[in-house]
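Next up, final33.pdb (PDB, C-alpha atoms):
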```pdb
ATOM      1  CA  MET A 224      15.198 -55.731  48.339  1.00  0.00           C
ATOM      2  CA  ALA A 225      12.852 -58.593  47.590  1.00  0.00           C
ATOM      3  CA  GLY A 226      13.241 -60.361  44.272  1.00  0.00           C
ATOM      4  CA  VAL A 227      10.459 -60.650  41.789  1.00  0.00           C
ATOM      5  CA  ASP A 228       9.102 -64.138  41.270  1.00  0.00           C
ATOM      6  CA  PRO A 229       9.801 -65.245  37.669  1.00  0.00           C
ATOM      7  CA  GLY A 230       6.631 -67.345  37.742  1.00  0.00           C
ATOM      8  CA  ALA A 231       4.565 -64.241  38.445  1.00  0.00           C
ATOM      9  CA  ILE A 232       6.192 -62.393  35.557  1.00  0.00           C
ATOM     10  CA  ALA A 233       5.482 -65.337  33.263  1.00  0.00           C
ATOM     11  CA  ALA A 234       1.845 -65.416  34.386  1.00  0.00           C
ATOM     12  CA  VAL A 235       1.417 -61.676  33.744  1.00  0.00           C
ATOM     13  CA  ALA A 236       3.032 -61.992  30.312  1.00  0.00           C
ATOM     14  CA  ALA A 237       0.813 -64.971  29.463  1.00  0.00           C
ATOM     15  CA  ALA A 238      -2.287 -63.081  30.595  1.00  0.00           C
ATOM     16  CA  ALA A 239      -1.311 -60.053  28.484  1.00  0.00           C
ATOM     17  CA  THR A 240      -0.786 -62.320  25.459  1.00  0.00           C
ATOM     18  CA  ALA A 241      -4.163 -63.975  26.015  1.00  0.00           C
ATOM     19  CA  LEU A 242      -5.876 -60.605  26.374  1.00  0.00           C
ATOM     20  CA  ALA A 243      -4.317 -59.231  23.196  1.00  0.00           C
ATOM     21  CA  GLY A 244      -5.123 -62.486  21.379  1.00  0.00           C
ATOM     22  CA  THR A 245      -8.725 -62.264  22.512  1.00  0.00           C
ATOM     23  CA  VAL A 246      -9.026 -58.734  21.155  1.00  0.00           C
ATOM     24  CA  VAL A 247      -7.466 -59.650  17.790  1.00  0.00           C
ATOM     25  CA  ALA A 248      -9.523 -62.839  17.453  1.00  0.00           C
ATOM     26  CA  ALA A 249     -12.707 -60.922  18.321  1.00  0.00           C
ATOM     27  CA  LEU A 250     -11.938 -58.310  15.678  1.00  0.00           C
ATOM     28  CA  ALA A 251     -11.295 -61.025  13.086  1.00  0.00           C
ATOM     29  CA  TYR A 252     -14.509 -62.808  14.055  1.00  0.00           C
ATOM     30  CA  ARG A 253     -16.467 -59.559  13.862  1.00  0.00           C
ATOM     31  CA  GLY A 254     -15.048 -59.014  10.376  1.00  0.00           C
ATOM     32  CA  ALA A 255     -16.006 -62.576   9.441  1.00  0.00           C
ATOM     33  CA  ARG A 256     -19.587 -62.013  10.525  1.00  0.00           C
ATOM     34  CA  ARG A 257     -19.831 -58.639   8.837  1.00  0.00           C
ATOM     35  CA  ASN A 258     -18.510 -59.919   5.507  1.00  0.00           C
ATOM     36  CA  ASP A 259     -19.698 -63.542   5.792  1.00  0.00           C
ATOM     37  CA  SER A 260     -16.071 -64.603   5.270  1.00  0.00           C
ATOM     38  CA  ALA A 261     -14.927 -68.125   6.051  1.00  0.00           C
ATOM     39  CA  THR A 262     -11.339 -66.966   5.668  1.00  0.00           C
ATOM     40  CA  MET A 263     -11.652 -64.482   8.513  1.00  0.00           C
ATOM     41  CA  ARG A 264     -13.486 -67.036  10.634  1.00  0.00           C
ATOM     42  CA  TYR A 265     -10.603 -69.504  10.319  1.00  0.00           C
ATOM     43  CA  LEU A 266      -8.145 -66.707  11.035  1.00  0.00           C
ATOM     44  CA  ALA A 267     -10.041 -65.848  14.234  1.00  0.00           C
ATOM     45  CA  VAL A 268     -10.037 -69.486  15.338  1.00  0.00           C
ATOM     46  CA  GLY A 269      -6.316 -69.790  14.587  1.00  0.00           C
ATOM     47  CA  ILE A 270      -5.411 -66.696  16.566  1.00  0.00           C
ATOM     48  CA  ALA A 271      -7.519 -67.868  19.490  1.00  0.00           C
ATOM     49  CA  CYS A 272      -5.867 -71.305  19.440  1.00  0.00           C
ATOM     50  CA  ILE A 273      -2.395 -69.787  19.437  1.00  0.00           C
ATOM     51  CA  ALA A 274      -2.846 -66.937  21.905  1.00  0.00           C
ATOM     52  CA  VAL A 275      -5.792 -67.740  24.172  1.00  0.00           C
ATOM     53  CA  VAL A 276      -6.152 -71.518  24.437  1.00  0.00           C
ATOM     54  CA  PRO A 277      -2.628 -72.104  25.847  1.00  0.00           C
ATOM     55  CA  PHE A 278      -3.307 -69.619  28.658  1.00  0.00           C
ATOM     56  CA  VAL A 279      -6.607 -71.299  29.496  1.00  0.00           C
ATOM     57  CA  LEU A 280      -4.947 -74.702  29.442  1.00  0.00           C
ATOM     58  CA  LEU A 281      -1.914 -73.757  31.542  1.00  0.00           C
ATOM     59  CA  TYR A 282      -3.613 -71.597  34.141  1.00  0.00           C
ATOM     60  CA  GLY A 283      -7.126 -73.057  34.203  1.00  0.00           C
ATOM     61  CA  VAL A 284      -7.452 -76.632  33.046  1.00  0.00           C
ATOM     62  CA  MET A 285      -4.085 -78.122  33.951  1.00  0.00           C
ATOM     63  CA  PRO A 286      -4.017 -77.088  37.633  1.00  0.00           C
ATOM     64  CA  THR A 287      -7.632 -78.195  38.028  1.00  0.00           C
ATOM     65  CA  LEU A 288      -6.925 -81.650  36.600  1.00  0.00           C
ATOM     66  CA  ALA A 289      -3.467 -81.875  38.232  1.00  0.00           C
ATOM     67  CA  LEU A 290      -1.798 -82.960  35.010  1.00  0.00           C
ATOM     68  CA  SER A 291       1.952 -83.329  34.605  1.00  0.00           C
ATOM     69  CA  ASP A 292       4.269 -80.865  32.896  1.00  0.00           C
ATOM     70  CA  ALA A 293       4.603 -83.220  29.924  1.00  0.00           C
ATOM     71  CA  GLN A 294       0.829 -83.378  29.508  1.00  0.00           C
ATOM     72  CA  SER A 295       0.604 -79.591  29.761  1.00  0.00           C
ATOM     73  CA  LEU A 296       3.305 -79.163  27.128  1.00  0.00           C
ATOM     74  CA  LEU A 297       1.551 -81.634  24.837  1.00  0.00           C
ATOM     75  CA  ALA A 298      -1.777 -79.831  25.209  1.00  0.00           C
ATOM     76  CA  VAL A 299      -0.243 -76.426  24.476  1.00  0.00           C
ATOM     77  CA  SER A 300       1.671 -77.817  21.489  1.00  0.00           C
ATOM     78  CA  LEU A 301      -1.506 -79.347  20.071  1.00  0.00           C
ATOM     79  CA  ALA A 302      -3.345 -76.047  20.514  1.00  0.00           C
ATOM     80  CA  ASN A 303      -0.542 -74.241  18.672  1.00  0.00           C
ATOM     81  CA  VAL A 304      -0.576 -76.770  15.830  1.00  0.00           C
ATOM     82  CA  ALA A 305      -4.365 -76.472  15.533  1.00  0.00           C
ATOM     83  CA  GLY A 306      -4.043 -72.683  15.439  1.00  0.00           C
ATOM     84  CA  LEU A 307      -1.348 -72.722  12.804  1.00  0.00           C
ATOM     85  CA  LEU A 308      -3.354 -75.151  10.668  1.00  0.00           C
ATOM     86  CA  ALA A 309      -6.417 -72.909  10.925  1.00  0.00           C
ATOM     87  CA  ILE A 310      -4.368 -69.872   9.912  1.00  0.00           C
ATOM     88  CA  LEU A 311      -2.762 -71.797   7.054  1.00  0.00           C
ATOM     89  CA  TYR A 312      -6.198 -72.863   5.843  1.00  0.00           C
ATOM     90  CA  SER A 313      -7.461 -69.295   6.096  1.00  0.00           C
ATOM     91  CA  LEU A 314      -4.584 -68.037   3.971  1.00  0.00           C
ATOM     92  CA  ASP A 315      -4.375 -70.829   1.434  1.00  0.00           C
ATOM     93  CA  GLY A 316      -7.380 -73.132   1.589  1.00  0.00           C
ATOM     94  CA  THR A 317     -10.307 -70.834   0.993  1.00  0.00           C
TER      95      THR A 317
END
```

Mind converting the file's structure to structure tokens?
Amino acid sequence: MAGVDPGAIAAVAAAATALAGTVVAALAYRGARRNDSATMRYLAVGIACIAVVPFVLLYGVMPTLALSDAQSLLAVSLANVAGLLAILYSLDGT
């Protein structure tokens, strides 16, 4: 019996997370447009930065630019921090 490649499982899980994040961020953005709500807009941006941007970076940008693992980790960490800050601002700052 052939083993399943852990990298393939990780890629499928990352794609599923990005897809779900895209749906949630789109719903939040649609709510922001409907209600003219800055809070929902920041929430949509935060969700996208946490769930979608890391997938795009790891499976799109990083292989194209041939960046190192450390650079990839830094980029994903910065995207997560930006997302968390946007969500924090949506909950507390507006």

Inset, instruction - Using the chain letters and residue numbers of this document, give as a list in words the residues selected by the PyMOL selection byres ((chain A and resi 315) around 12). - result: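 On the file shown, the PyMOL selection byres ((chain A and resi 315) around 12) covers Ala261, Thr262, Met263, Tyr265, Leu266, Leu307, Leu308, Ala309, Ile310, Leu311, Tyr312, Ser313, Leu314, Gly316 and Thr317 of chain A.
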
Inset, instruction - Please identify all polymer residues lying at most 12 Å from the point (-7.4, -73.6, 27.5) (file coordinates), using all atoms listed in the file, and present the result as a list in words. - result: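 Answer for this query, in the requested form: Ala241, Ala271, Cys272, Ile273, Ala274, Val275, Val276, Pro277, Phe278, Val279, Leu280, Leu281, Tyr282, Gly283, Val284, Met285, Pro286, Thr287, Ser295, Ala298, Val299, Ser300, Leu301, Ala302 and Asn303 of chain A.
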
Kindly save the residues from that selection, with C-alpha atoms included, as a compact mmCIF listing (two decimals), keeping the file's coordinate frame.
```
# COMPACT_ATOMS: atom_id res chain seq x y z
CA ALA A 241 -4.16 -63.98 26.02
CA ALA A 271 -7.52 -67.87 19.49
CA CYS A 272 -5.87 -71.31 19.44
CA ILE A 273 -2.40 -69.79 19.44
CA ALA A 274 -2.85 -66.94 21.90
CA VAL A 275 -5.79 -67.74 24.17
CA VAL A 276 -6.15 -71.52 24.44
CA PRO A 277 -2.63 -72.10 25.85
CA PHE A 278 -3.31 -69.62 28.66
CA VAL A 279 -6.61 -71.30 29.50
CA LEU A 280 -4.95 -74.70 29.44
CA LEU A 281 -1.91 -73.76 31.54
CA TYR A 282 -3.61 -71.60 34.14
CA GLY A 283 -7.13 -73.06 34.20
CA VAL A 284 -7.45 -76.63 33.05
CA MET A 285 -4.08 -78.12 33.95
CA PRO A 286 -4.02 -77.09 37.63
CA THR A 287 -7.63 -78.19 38.03
CA SER A 295 0.60 -79.59 29.76
CA ALA A 298 -1.78 -79.83 25.21
CA VAL A 299 -0.24 -76.43 24.48
CA SER A 300 1.67 -77.82 21.49
CA LEU A 301 -1.51 -79.35 20.07
CA ALA A 302 -3.34 -76.05 20.51
CA ASN A 303 -0.54 -74.24 18.67
```

Legend entry - Straight-line distance linking atom CA of A:Arg264 with atom CA of A:Leu297, stated in Å to one decimal: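 One can read the atom CA of A:Arg264 to atom CA of A:Leu297 distance as 25.3 Å.
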
Inset, instruction - Name the residues in contact with A:Ala249 at a cut-off of 10 Å, using all atoms listed in the file, excluding same-chain residues fewer than 3 positions from it; report them as a list in words. - result: Ala243, Gly244, Thr245, Val246, Tyr252, Arg253, Gly254, Ala255, Arg264, Ala267, Val268, Ile270 and Ala271 of chain A

Legend entry - Distance in Å - atom CA of A:Gly226 versus atom CA of A:Ala239: 21.5 Å

Is it possible to get the axis-aligned box enclosing stretch 281-294 of chain A (all listed atoms, 4 Å extra per side) as JSON, with centre and edge lengths in Å rounded to one decimal?
```
{"center_x": -1.5, "center_y": -77.5, "center_z": 33.9, "size_x": 20.2, "size_y": 19.8, "size_z": 16.7}
```

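Separating atom CA of A:Gly306 from atom CA of A:Val247 is a distance of 13.7 Å.
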